[in-house]
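Q: Below is the file start09.txt, which contains compact mmCIF, C-alpha atoms.
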```
# COMPACT_ATOMS: atom_id res chain seq x y z
CA MET M 27 0.00 0.00 0.00
CA GLU M 28 1.13 3.51 -0.78
CA ARG M 29 1.86 5.88 2.08
CA VAL M 30 1.58 9.67 2.13
CA ASP M 31 2.29 12.35 4.69
CA ASN M 32 -0.28 15.04 3.98
CA ASP M 33 -4.06 15.25 3.95
CA SER M 34 -4.37 16.78 0.46
CA ALA M 35 -2.64 13.80 -1.13
CA SER M 36 -4.81 11.41 0.85
CA GLN M 37 -7.90 13.01 -0.64
CA ALA M 38 -6.48 12.91 -4.18
CA GLU M 39 -5.19 9.34 -4.27
CA PRO M 40 -7.72 6.56 -3.55
CA SER M 41 -4.93 4.02 -3.11
CA VAL M 42 -3.51 5.75 -0.01
CA HIS M 43 -3.75 3.45 3.00
CA HIS M 44 -2.86 5.73 5.92
CA VAL M 45 -1.72 9.24 6.71
CA ILE M 46 0.85 10.19 9.37
CA GLY M 47 2.19 13.73 9.60
CA LYS M 48 5.65 14.85 8.52
CA THR M 49 6.35 16.99 11.55
CA GLU M 50 9.35 16.29 13.76
CA ASN M 51 8.33 18.70 16.51
CA LEU M 52 7.92 15.91 19.09
CA PRO M 53 11.26 14.09 19.14
CA LEU M 54 11.85 11.29 21.62
CA HIS M 55 15.38 10.17 22.44
CA LEU M 56 15.88 6.41 22.56
CA GLY M 57 17.36 6.68 26.04
CA GLN M 58 14.19 8.35 27.25
CA PHE M 59 12.10 5.77 25.44
CA VAL M 60 13.96 2.98 27.26
CA ALA M 61 13.60 4.75 30.61
CA ASN M 62 9.83 5.07 30.18
CA ASN M 63 9.29 1.45 29.16
CA LYS M 64 10.46 -1.77 30.74
CA GLY M 65 12.01 -4.66 28.87
CA ASP M 66 14.42 -2.59 26.74
CA PRO M 67 11.98 -1.64 23.97
CA ALA M 68 14.81 -0.04 21.96
CA VAL M 69 16.27 -3.49 21.29
CA GLN M 70 12.81 -4.76 20.41
CA LEU M 71 12.35 -1.76 18.13
CA LYS M 72 15.58 -2.46 16.26
CA ARG M 73 14.72 -6.16 15.93
CA TYR M 74 11.38 -5.15 14.48
CA LEU M 75 12.90 -2.65 12.03
CA LEU M 76 15.69 -5.01 10.89
CA PRO M 77 13.70 -7.02 8.28
CA ARG M 78 11.92 -3.89 7.02
CA VAL M 79 15.21 -2.05 6.55
CA ARG M 80 16.84 -4.99 4.80
CA SER M 81 13.79 -5.39 2.56
CA SER M 82 13.87 -1.71 1.56
CA LEU M 83 17.56 -2.08 0.65
CA SER M 84 16.94 -5.36 -1.25
CA ILE M 85 19.45 -7.16 0.95
CA LEU M 86 19.19 -10.94 0.68
CA PRO M 87 18.68 -13.45 2.08
CA GLU M 88 15.62 -12.74 4.21
CA LEU M 89 15.94 -13.61 7.87
CA THR M 90 13.72 -16.16 9.58
CA ASP M 91 12.13 -15.53 12.97
CA GLY M 92 14.75 -17.69 14.65
CA GLU M 93 17.59 -15.77 13.01
CA LEU M 94 16.05 -12.47 14.07
CA GLU M 95 15.98 -13.62 17.68
CA SER M 96 19.44 -15.15 17.78
CA SER M 97 21.52 -12.87 15.53
CA ASP M 98 23.11 -9.56 16.46
CA LEU M 99 22.29 -7.91 13.14
CA TRP M 100 19.87 -5.58 14.91
CA GLN M 101 22.91 -3.72 16.23
CA SER M 102 23.52 -2.52 12.66
CA VAL M 103 20.20 -0.63 12.69
CA HIS M 104 20.67 3.01 13.71
CA MET M 105 18.31 5.96 14.08
CA LYS M 106 19.44 9.36 12.92
CA HIS M 107 20.35 11.43 16.01
CA GLU M 108 19.18 8.42 18.09
CA ARG M 109 15.64 9.77 17.92
CA ILE M 110 12.17 8.70 16.98
CA TYR M 111 9.38 11.19 16.38
CA LYS M 112 5.98 11.07 17.99
CA HIS M 113 2.59 11.77 16.39
CA ASN M 114 -0.83 12.00 17.99
CA ILE M 115 -3.07 11.21 15.03
CA MET M 116 -3.14 8.63 12.27
CA ARG M 117 -5.79 8.37 9.58
CA ILE M 118 -6.57 4.93 8.18
CA ARG M 119 -8.29 4.61 4.81
CA TYR M 120 -9.89 1.33 3.85
CA THR M 121 -12.11 -0.23 1.20
CA THR M 122 -15.62 -0.95 2.43
CA TYR M 123 -17.67 -4.04 1.69
CA ASP M 124 -19.40 -2.27 -1.22
CA VAL M 125 -16.12 -1.05 -2.79
CA ARG M 126 -16.20 2.48 -1.44
CA ARG M 127 -13.54 4.29 0.57
CA GLY M 128 -13.87 4.90 4.29
CA GLU M 129 -11.62 6.55 6.85
CA ASP M 130 -10.97 5.97 10.56
CA VAL M 131 -9.02 8.28 12.87
CA VAL M 132 -6.77 6.92 15.61
CA HIS M 133 -5.92 9.48 18.32
CA ILE M 134 -3.65 8.25 21.09
CA ASN M 135 -4.93 10.87 23.56
CA THR M 136 -8.50 9.60 23.33
CA ARG M 137 -10.24 6.25 23.67
CA LYS M 138 -10.43 5.93 19.88
CA ARG M 139 -7.16 4.06 19.55
CA ASN M 140 -8.08 0.40 19.13
CA ILE M 141 -7.21 -1.28 15.85
CA MET M 142 -7.60 -4.65 14.13
CA VAL M 143 -5.22 -6.55 11.86
CA LEU M 144 -5.41 -9.85 10.03
CA ASN M 145 -4.43 -12.96 11.94
CA PRO M 146 -1.57 -14.48 9.88
CA LEU M 147 -2.32 -17.93 11.34
CA PHE M 148 -5.97 -17.93 10.24
CA THR M 149 -7.31 -20.21 7.52
CA VAL M 150 -10.91 -20.98 6.64
CA ASP M 151 -10.77 -24.43 8.23
CA ASN M 152 -8.49 -24.15 11.30
CA GLY M 153 -11.06 -22.56 13.63
CA GLN M 154 -8.92 -19.57 14.65
CA HIS M 155 -10.27 -16.06 14.90
CA PRO M 156 -9.55 -14.11 11.68
CA PHE M 157 -8.37 -10.91 13.40
CA TRP M 158 -5.97 -9.66 16.06
CA TYR M 159 -6.78 -6.60 18.13
CA ALA M 160 -4.51 -4.03 19.76
CA ARG M 161 -4.53 -0.70 21.54
CA VAL M 162 -2.24 1.95 20.04
CA LEU M 163 0.06 3.45 22.67
CA GLY M 164 2.18 5.53 20.32
CA ILE M 165 2.48 6.61 16.69
CA TYR M 166 6.06 7.20 15.57
CA HIS M 167 8.34 7.58 12.63
CA ALA M 168 12.11 7.14 12.57
CA ASN M 169 14.84 8.04 10.11
CA VAL M 170 16.78 4.79 9.91
CA PHE M 171 20.01 3.74 8.21
CA TYR M 172 21.69 0.35 8.12
CA LEU M 173 25.41 -0.28 8.67
CA GLY M 174 25.36 -4.02 8.18
CA GLU M 175 27.37 -6.15 5.82
CA GLY M 176 26.45 -5.95 2.16
CA ASN M 177 24.99 -2.47 2.28
CA THR M 178 26.47 0.51 0.45
CA ASP M 179 23.55 2.91 0.84
CA TYR M 180 23.79 4.83 4.07
CA GLN M 181 21.06 7.39 3.42
CA PRO M 182 18.45 7.49 6.23
CA ARG M 183 15.01 6.26 5.29
CA ARG M 184 11.74 7.12 6.98
CA PHE M 185 9.92 4.22 8.62
CA GLU M 186 6.54 4.57 10.29
CA LEU M 187 5.55 2.34 13.19
CA LEU M 188 2.95 1.85 15.87
CA TRP M 189 3.74 0.94 19.47
CA VAL M 190 0.81 -1.29 20.53
CA ARG M 191 -0.47 -3.30 23.45
CA TRP M 192 -1.99 -6.53 22.23
CA TYR M 193 -5.31 -8.02 23.27
CA SER M 194 -5.61 -11.78 23.69
CA SER M 195 -8.75 -13.80 22.95
CA VAL M 196 -10.98 -15.07 25.75
CA ASP M 197 -13.42 -17.96 25.29
CA GLU M 198 -12.63 -18.07 21.58
CA GLY M 199 -14.48 -21.36 21.09
CA ILE M 200 -17.83 -20.12 22.42
CA SER M 201 -18.19 -16.78 20.61
CA GLY M 202 -19.19 -15.63 17.16
CA TRP M 203 -22.23 -16.14 14.94
CA LYS M 204 -22.74 -19.77 15.88
CA HIS M 205 -22.90 -19.09 19.61
CA ARG M 206 -24.64 -15.70 19.29
CA ARG M 207 -22.01 -14.03 21.47
CA LEU M 208 -19.65 -11.13 20.88
CA ASP M 209 -15.94 -11.91 20.73
CA CYS M 210 -14.28 -11.39 24.09
CA VAL M 211 -10.68 -10.23 24.63
CA SER M 212 -8.46 -9.19 27.53
CA PHE M 213 -5.00 -7.78 28.12
CA PRO M 214 -2.24 -10.27 28.97
CA ARG M 215 0.08 -9.61 31.90
CA LEU M 216 2.32 -6.59 31.48
CA LEU M 217 5.43 -8.70 31.98
CA ASP M 218 4.50 -11.22 29.27
CA ARG M 219 6.84 -11.19 26.31
CA ASP M 220 4.10 -10.57 23.75
CA SER M 221 2.12 -7.96 25.67
CA PHE M 222 3.66 -5.10 23.69
CA GLY M 223 5.04 -4.83 20.22
CA PHE M 224 5.60 -2.74 17.12
CA LEU M 225 3.42 -2.79 14.05
CA ASP M 226 3.61 -1.47 10.51
CA PRO M 227 0.67 0.96 9.98
CA ALA M 228 0.19 -0.57 6.53
CA ASP M 229 -0.95 -3.81 8.22
CA VAL M 230 -3.89 -2.13 9.99
CA LEU M 231 -7.31 -2.97 8.54
CA ARG M 232 -9.22 -0.28 10.41
CA SER M 233 -10.03 0.87 13.92
CA CYS M 234 -12.45 -1.15 16.04
CA HIS M 235 -14.95 -0.58 18.84
CA VAL M 236 -13.96 -2.21 22.14
CA ILE M 237 -16.52 -2.28 24.97
CA PRO M 238 -15.49 -3.00 28.58
CA ARG M 239 -17.20 -6.02 30.10
CA PHE M 240 -18.42 -4.10 33.13
CA SER M 241 -19.97 -7.12 34.84
CA ALA M 242 -16.51 -8.73 35.16
CA GLY M 243 -15.08 -5.73 37.02
CA LYS M 244 -11.72 -3.99 36.95
CA ALA M 245 -8.54 -5.93 36.32
CA SER M 246 -6.84 -4.56 39.43
CA GLU M 247 -7.96 -2.80 42.59
CA ASP M 248 -4.49 -1.34 43.14
CA VAL M 249 -4.32 2.45 43.22
CA ARG M 250 -0.86 2.52 41.61
CA SER M 251 -0.19 2.02 37.92
CA LEU M 252 2.58 -0.37 36.90
CA SER M 253 2.93 1.26 33.49
CA PRO M 254 1.94 4.91 33.02
CA LEU M 255 2.23 4.51 29.26
CA ALA M 256 -0.09 1.48 29.15
CA GLN M 257 -2.40 3.09 31.74
CA ASP M 258 -3.09 -0.33 33.20
CA LEU M 259 -4.90 1.21 36.16
CA ARG M 260 -7.89 1.71 33.88
CA ASP M 261 -7.91 -1.87 32.59
CA TRP M 262 -11.00 -4.04 32.85
CA LYS M 263 -10.78 -7.80 33.20
CA SER M 264 -12.18 -8.34 29.72
CA TYR M 265 -13.69 -6.51 26.77
CA TYR M 266 -16.21 -7.16 24.00
CA ILE M 267 -15.43 -6.52 20.33
CA ASN M 268 -18.44 -4.77 18.81
CA ARG M 269 -18.87 -6.27 15.34
CA PHE M 270 -22.11 -4.32 14.82
CA VAL M 271 -20.61 -0.83 14.93
CA ASP M 272 -21.36 -0.31 11.21
CA ARG M 273 -22.28 -2.29 8.09
CA ASP M 274 -18.73 -2.65 6.87
CA MET M 275 -17.63 -4.11 10.21
CA VAL M 276 -20.46 -6.64 10.18
CA MET M 277 -19.47 -7.84 6.73
CA ARG M 278 -15.85 -8.36 7.82
CA TYR M 279 -17.11 -11.19 10.02
CA HIS M 280 -19.03 -12.77 7.10
CA TRP M 281 -15.80 -14.06 5.63
CA GLY M 282 -15.66 -14.06 1.84
CA LEU M 283 -19.05 -12.43 1.23
CA SER M 284 -17.86 -8.84 0.63
CA VAL M 285 -16.58 -7.73 -2.74
CA GLY M 286 -14.50 -4.92 -1.22
CA HIS M 287 -12.69 -7.10 1.34
CA VAL M 288 -10.12 -8.51 -1.03
CA TYR M 289 -8.11 -10.25 1.70
CA SER M 290 -11.02 -12.62 2.39
CA HIS M 291 -10.96 -13.89 -1.21
CA SER M 292 -7.26 -14.64 -1.40
CA GLN M 293 -7.62 -17.65 0.90
CA GLY M 294 -10.43 -19.27 -1.03
CA SER M 295 -14.10 -19.51 -0.18
CA ARG M 296 -15.69 -18.69 3.15
CA LEU M 297 -16.44 -22.32 3.90
CA PRO M 298 -13.91 -25.18 4.14
CA PRO M 299 -13.46 -27.12 0.86
CA GLU M 300 -15.31 -30.18 2.10
CA GLU M 301 -18.36 -28.03 2.88
CA ASN M 302 -18.53 -26.16 -0.43
CA ALA M 303 -21.81 -26.63 -2.30
CA SER M 304 -21.51 -28.40 -5.62
CA ASP M 305 -24.95 -27.55 -7.01
CA GLU M 306 -27.88 -25.24 -6.37
CA GLU M 307 -29.50 -27.49 -3.78
CA ASP M 308 -26.33 -27.66 -1.71
CA GLU M 309 -25.94 -23.89 -1.93
CA ALA M 310 -29.51 -23.41 -0.71
CA SER M 311 -28.87 -25.81 2.16
CA ALA M 312 -25.73 -23.88 3.11
CA ILE M 313 -27.68 -20.60 3.13
CA VAL M 314 -30.38 -22.11 5.34
CA ALA M 315 -27.71 -23.43 7.68
CA ASP M 316 -26.14 -19.98 7.94
CA LEU M 317 -29.52 -18.40 8.64
CA SER M 318 -30.21 -20.94 11.37
CA ASP M 319 -27.10 -19.70 13.18
CA VAL M 320 -28.24 -16.08 13.04
CA LEU M 321 -32.06 -16.05 13.19
CA PRO M 322 -34.10 -17.34 16.13
CA ALA M 323 -36.18 -20.47 15.71
CA SER M 324 -39.46 -18.50 15.66
CA ALA M 325 -38.25 -16.44 12.69
CA LEU M 326 -37.26 -19.58 10.80
CA ARG M 327 -40.67 -21.16 11.46
CA LEU M 328 -42.36 -17.98 10.21
CA ALA M 329 -40.20 -18.06 7.08
CA ASP M 330 -41.16 -21.71 6.47
CA MET M 331 -44.84 -20.85 6.86
CA LEU M 332 -44.59 -17.95 4.41
CA ALA M 333 -42.73 -20.12 1.92
CA SER M 334 -45.35 -22.88 2.13
CA LEU M 335 -48.17 -20.30 1.70
CA GLU M 336 -46.45 -18.93 -1.40
CA ASN M 337 -46.13 -22.46 -2.80
CA MET M 338 -49.84 -23.08 -2.15
CA GLU M 339 -50.81 -19.84 -3.89
CA ASP M 340 -48.60 -20.67 -6.86
CA SER M 341 -50.13 -24.14 -7.17
CA GLU M 342 -53.68 -22.73 -6.94
CA GLU M 343 -52.91 -20.17 -9.67
CA ILE M 344 -51.53 -22.92 -11.90
CA ASN M 345 -54.64 -25.08 -11.34
CA GLU M 346 -56.96 -22.14 -12.11
CA GLU M 347 -55.08 -21.39 -15.33
CA GLU M 348 -55.30 -25.03 -16.42
CA GLU M 349 -59.06 -25.19 -15.68
CA GLY M 350 -59.69 -21.97 -17.60
CA PHE M 351 -57.68 -23.28 -20.52
CA GLU M 352 -59.81 -26.46 -20.66
CA ASP M 353 -63.08 -24.45 -20.52
CA ASP M 354 -61.95 -22.23 -23.39
CA TRP M 355 -61.01 -25.28 -25.40
CA GLU M 356 -64.49 -26.83 -24.93
CA ASP M 357 -66.31 -23.59 -25.79
CA ASP M 358 -64.33 -22.95 -28.98
CA PRO M 359 -62.55 -26.12 -30.04
CA GLY M 360 -61.40 -24.64 -33.28
CA SER M 361 -59.98 -21.40 -31.97
CA GLU M 362 -56.69 -22.91 -30.89
CA GLY M 363 -56.44 -25.34 -33.76
CA ASP M 364 -57.19 -22.99 -36.63
CA ASP M 365 -53.60 -21.89 -36.93
CA ILE M 366 -52.23 -25.40 -37.27
CA SER M 367 -54.98 -27.29 -39.11
CA GLU M 368 -54.76 -27.75 -42.86
CA ASP M 369 -58.46 -28.02 -43.70
CA GLY M 370 -60.30 -26.75 -40.63
CA GLY M 371 -61.64 -23.59 -39.02
CA VAL M 372 -59.80 -20.75 -40.75
CA GLU M 373 -60.20 -22.04 -44.29
CA ASP M 374 -63.90 -22.82 -43.66
CA ASP M 375 -64.50 -19.30 -42.46
CA TRP M 376 -62.87 -17.83 -45.56
CA ASP M 377 -64.94 -20.15 -47.75
CA SER M 378 -68.16 -19.17 -46.02
CA GLY M 379 -67.20 -15.54 -46.46
CA ASP M 380 -66.66 -16.03 -50.19
CA GLU M 381 -70.04 -17.70 -50.56
CA ALA M 382 -71.71 -14.83 -48.74
CA LEU M 383 -70.11 -12.33 -51.09
CA THR M 384 -71.21 -14.22 -54.14
```
Can you dump the structure from the file as C-alpha cells?
A:
Amino acid sequence: MERVDNDSASQAEPSVHHVIGKTENLPLHLGQFVANNKGDPAVQLKRYLLPRVRSSLSILPELTDGELESSDLWQSVHMKHERIYKHNIMRIRYTTYDVRRGEDVVHINTRKRNIMVLNPLFTVDNGQHPFWYARVLGIYHANVFYLGEGNTDYQPRRFELLWVRWYSSVDEGISGWKHRRLDCVSFPRLLDRDSFGFLDPADVLRSCHVIPRFSAGKASEDVRSLSPLAQDLRDWKSYYINRFVDRDMVMRYHWGLSVGHVYSHSQGSRLPPEENASDEEDEASAIVADLSDVLPASALRLADMLASLENMEDSEEINEEEEGFEDDWEDDPGSEGDDISEDGGVEDDWDSGDEALT
C-alpha cells in the first residue's frame, strides 16, 4: 500500500492506506524511550525494524524468525540522532464491503485508539479467529540507516511504526455467529513477552470498537499504575469486540461475502473445501444453515410458513389457469387449432365468407 504524509494527497489518491504527519516537533530520544518502558523496547524496536530495513535495501537473504531472535544484526540498525518522532493522530483509509472508501481516525490521547489486523495464522478451516486486536500506545516515525554487511547505501530512510499493546482472545471457542455471542478479549500480563510490540501501519485494517465487560469488574484494585504509558490502572478484566458498529464491520465477520474485502478472497471460499456446495441445492442448504445460526427459531418457522403459503398460492394459480384453458377449449374447439390445421376452421371461415359475397 502507498503511504503519504499530507491530507491533500490522501484526498487525491484513492490508493492511499494511511496518513501520518511529517512533523518532527515531538522528538523522543531512545534513552528516554527505554527509561519510560520496561524490557528494553529499543532493542525490540531495532529487531522489528531489521527485516523492514533490509527489505527496503533489497538485501538478501531474508531472515527467519529464529535468526532475528538469535543474531546480532539488529545492532547494525541506527536511528538518525538516536531519535524517533511522535505523532498524535493517524488516519486509516480502507475499502468498504461495497467497494467504497472509508476513513478511521486513531488518536492516542483519546479512547479511539483500538485497531484490528489480520491474523496471519488464520485459515478458513483451522477454527482460529480471523483478526488480532490491539490498543495503540504511540504513533512514531524514525529516520533509519543500516550499517550491516552488504549495504552501500547509508542514506536514512523514513519508517513509520505503531507501538501497541496486544489483546488476547478469551473464550474463543464459544463466541461468534454460531454461539450468538460477541468476541471477548483481555489484556495479557504486562510482563508477558508478547504484551507489547511494534506494528507497521500498513498492516492495519481499520479501527475497532472495544466495549469493557463491566460485569466482570476492573482488572486490578491497586491504586498505583505499573505502566503509566499502558495506563493499566484503567484496565477491565475483559472486553467485548463490537462487530455491529457499522455495516462494513459486520461484513468483515461474514468471511468471503464482501466484494471490497479482497483479503477474504485470497484464501479461497468462506467455507472449508469439504463443505462447499456443488450444485444449487447444496448452496440453498448452506444458506439455510447460515440463517439458522443467526435467526431465532421462531423467525425460521415464520419463514417456512410464508414459503409454504407462497407455494400453495402458486399451485392454486396454476390449477386455475389449467381449468380456464380447458373451458376455453371446450367452448371454442377450433380457436386454438385454426392456426395449425390444414383443412379446418380458418379455411372454412374464408370459404363461407366467399359464398356470402357471391
Q: When distances are computed from all atoms listed in the file, which of M:Val170, M:Thr149, M:Leu89, M:Trp158 shows the smallest separation from Glu108 in chain M?
A: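 That would be M:Val170, the residue with the smallest distance to Glu108 in chain M.
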Q: Which is closest to His55 in chain M among M:Ile165, M:Val42, M:Ile110, M:Val288, if we use only C-alpha atoms?
A: M:Ile110
Q: Sort by chain and increasing residue number a table of all residues of range 67-147 of chain M within 12 Å of range 215-231 of chain M, each with its closest pair of atoms and their distance in Å to one decimal, counting only C-alpha atoms, and write it as a tab-separated table.
A:
```
residue	atom	partner	partner_atom	distance
M:Pro67	CA	M:Gly223	CA	8.5
M:Ala68	CA	M:Phe224	CA	10.7
M:Val69	CA	M:Gly223	CA	11.4
M:Gln70	CA	M:Gly223	CA	7.8
M:Leu71	CA	M:Phe224	CA	6.9
M:Lys72	CA	M:Phe224	CA	10.0
M:Arg73	CA	M:Phe224	CA	9.8
M:Tyr74	CA	M:Phe224	CA	6.8
M:Leu75	CA	M:Phe224	CA	8.9
M:Pro77	CA	M:Asp226	CA	11.7
M:Arg78	CA	M:Asp226	CA	9.3
M:Met116	CA	M:Pro227	CA	8.9
M:Arg117	CA	M:Pro227	CA	9.8
M:Ile118	CA	M:Val230	CA	7.8
M:Arg119	CA	M:Leu231	CA	8.5
M:Tyr120	CA	M:Leu231	CA	6.9
M:Thr121	CA	M:Leu231	CA	9.2
M:Thr122	CA	M:Leu231	CA	10.5
M:Gly128	CA	M:Leu231	CA	11.1
M:Glu129	CA	M:Leu231	CA	10.6
M:Asp130	CA	M:Leu231	CA	9.9
M:Val131	CA	M:Val230	CA	12.0
M:Val132	CA	M:Val230	CA	11.0
M:Arg139	CA	M:Val230	CA	11.8
M:Asn140	CA	M:Val230	CA	10.4
M:Ile141	CA	M:Val230	CA	6.8
M:Met142	CA	M:Leu231	CA	5.8
M:Val143	CA	M:Val230	CA	5.0
M:Leu144	CA	M:Leu231	CA	7.3
M:Asn145	CA	M:Asp229	CA	10.5
M:Pro146	CA	M:Asp229	CA	10.8
```
Q: How would the residues just picked look written out with C-alpha atoms as a PDB file, keeping the file's coordinate frame?
A:
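File produced: selection24.pdb:
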```
ATOM      1  CA  PRO M  67      11.980  -1.640  23.970  1.00  0.00           C
ATOM      2  CA  ALA M  68      14.810  -0.040  21.960  1.00  0.00           C
ATOM      3  CA  VAL M  69      16.270  -3.490  21.290  1.00  0.00           C
ATOM      4  CA  GLN M  70      12.810  -4.760  20.410  1.00  0.00           C
ATOM      5  CA  LEU M  71      12.350  -1.760  18.130  1.00  0.00           C
ATOM      6  CA  LYS M  72      15.580  -2.460  16.260  1.00  0.00           C
ATOM      7  CA  ARG M  73      14.720  -6.160  15.930  1.00  0.00           C
ATOM      8  CA  TYR M  74      11.380  -5.150  14.480  1.00  0.00           C
ATOM      9  CA  LEU M  75      12.900  -2.650  12.030  1.00  0.00           C
ATOM     10  CA  PRO M  77      13.700  -7.020   8.280  1.00  0.00           C
ATOM     11  CA  ARG M  78      11.920  -3.890   7.020  1.00  0.00           C
ATOM     12  CA  MET M 116      -3.140   8.630  12.270  1.00  0.00           C
ATOM     13  CA  ARG M 117      -5.790   8.370   9.580  1.00  0.00           C
ATOM     14  CA  ILE M 118      -6.570   4.930   8.180  1.00  0.00           C
ATOM     15  CA  ARG M 119      -8.290   4.610   4.810  1.00  0.00           C
ATOM     16  CA  TYR M 120      -9.890   1.330   3.850  1.00  0.00           C
ATOM     17  CA  THR M 121     -12.110  -0.230   1.200  1.00  0.00           C
ATOM     18  CA  THR M 122     -15.620  -0.950   2.430  1.00  0.00           C
ATOM     19  CA  GLY M 128     -13.870   4.900   4.290  1.00  0.00           C
ATOM     20  CA  GLU M 129     -11.620   6.550   6.850  1.00  0.00           C
ATOM     21  CA  ASP M 130     -10.970   5.970  10.560  1.00  0.00           C
ATOM     22  CA  VAL M 131      -9.020   8.280  12.870  1.00  0.00           C
ATOM     23  CA  VAL M 132      -6.770   6.920  15.610  1.00  0.00           C
ATOM     24  CA  ARG M 139      -7.160   4.060  19.550  1.00  0.00           C
ATOM     25  CA  ASN M 140      -8.080   0.400  19.130  1.00  0.00           C
ATOM     26  CA  ILE M 141      -7.210  -1.280  15.850  1.00  0.00           C
ATOM     27  CA  MET M 142      -7.600  -4.650  14.130  1.00  0.00           C
ATOM     28  CA  VAL M 143      -5.220  -6.550  11.860  1.00  0.00           C
ATOM     29  CA  LEU M 144      -5.410  -9.850  10.030  1.00  0.00           C
ATOM     30  CA  ASN M 145      -4.430 -12.960  11.940  1.00  0.00           C
ATOM     31  CA  PRO M 146      -1.570 -14.480   9.880  1.00  0.00           C
TER      32      PRO M 146
END
```
Q: How many Å lie between CA of His155 in chain M and CA of Ser264 in chain M, rounded to one decimal?
A: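 Interatomic distance here is 16.8 Å.
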Q: Can you work out which one of M:Phe213, M:Ile115, M:Thr178, M:His287 has the shortest atom-to-atom distance to His44 in chain M, counting only C-alpha atoms?
A: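 Nearest candidate to His44 in chain M out of M:Phe213, M:Ile115, M:Thr178, M:His287: M:Ile115.
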Q: Name the closest residue to Glu198 in chain M among the candidates M:Pro156, M:Arg183, M:Pro40, M:Ile237; distances are taken between atoms, counting only C-alpha atoms.
A: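 The closest residue to Glu198 in chain M is M:Pro156.
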Q: Which value, in Å to one decimal, gives the distance between CA of Asp272 in chain M and CA of Val125 in chain M?
A: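 For CA of Asp272 in chain M relative to CA of Val125 in chain M, the distance reads 15.0 Å.
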Q: Work out how far CA of Val276 in chain M is from CA of Cys234 in chain M, in Å to one decimal.
A: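 Computing the Euclidean distance for CA of Cys234 in chain M and CA of Val276 in chain M yields 11.3 Å.
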Q: Considering all atoms listed in the file, can you say which of M:Ser233, M:Arg278, M:Val285, M:Leu255 comes closest to Val60 in chain M?
A: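 Ranked by minimum distance to Val60 in chain M, first place goes to M:Leu255.
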Q: For a cut-off of 9 Å around (-3.2, -8.6, 22.6), file coordinates, pick out all residues using only C-alpha atoms and list them as number ranges by chain.
A: M: 158-161, 190-195, 211-214, 220-222
Q: Let me make sure I understand: among M:Ile267, M:Phe171, M:Asp274, M:Leu259, which one has the smallest atom-to-atom distance to Val196 in chain M if we use all atoms listed in the file?
A: M:Ile267
Q: Fewer than 6 positions away in the same chain doesn't count, so skip those; otherwise give me all residues within 12 Å of Glu247 in chain M, counting all atoms listed in the file, as a ChimeraX atom specification.
A: /M:258-263
Q: Include C-alpha atoms and write out the residues we just selected as a PDB file, in the frame of the given file.
A:
```
ATOM      1  CA  ASP M 258      -3.090  -0.330  33.200  1.00  0.00           C
ATOM      2  CA  LEU M 259      -4.900   1.210  36.160  1.00  0.00           C
ATOM      3  CA  ARG M 260      -7.890   1.710  33.880  1.00  0.00           C
ATOM      4  CA  ASP M 261      -7.910  -1.870  32.590  1.00  0.00           C
ATOM      5  CA  TRP M 262     -11.000  -4.040  32.850  1.00  0.00           C
ATOM      6  CA  LYS M 263     -10.780  -7.800  33.200  1.00  0.00           C
TER       7      LYS M 263
END
```
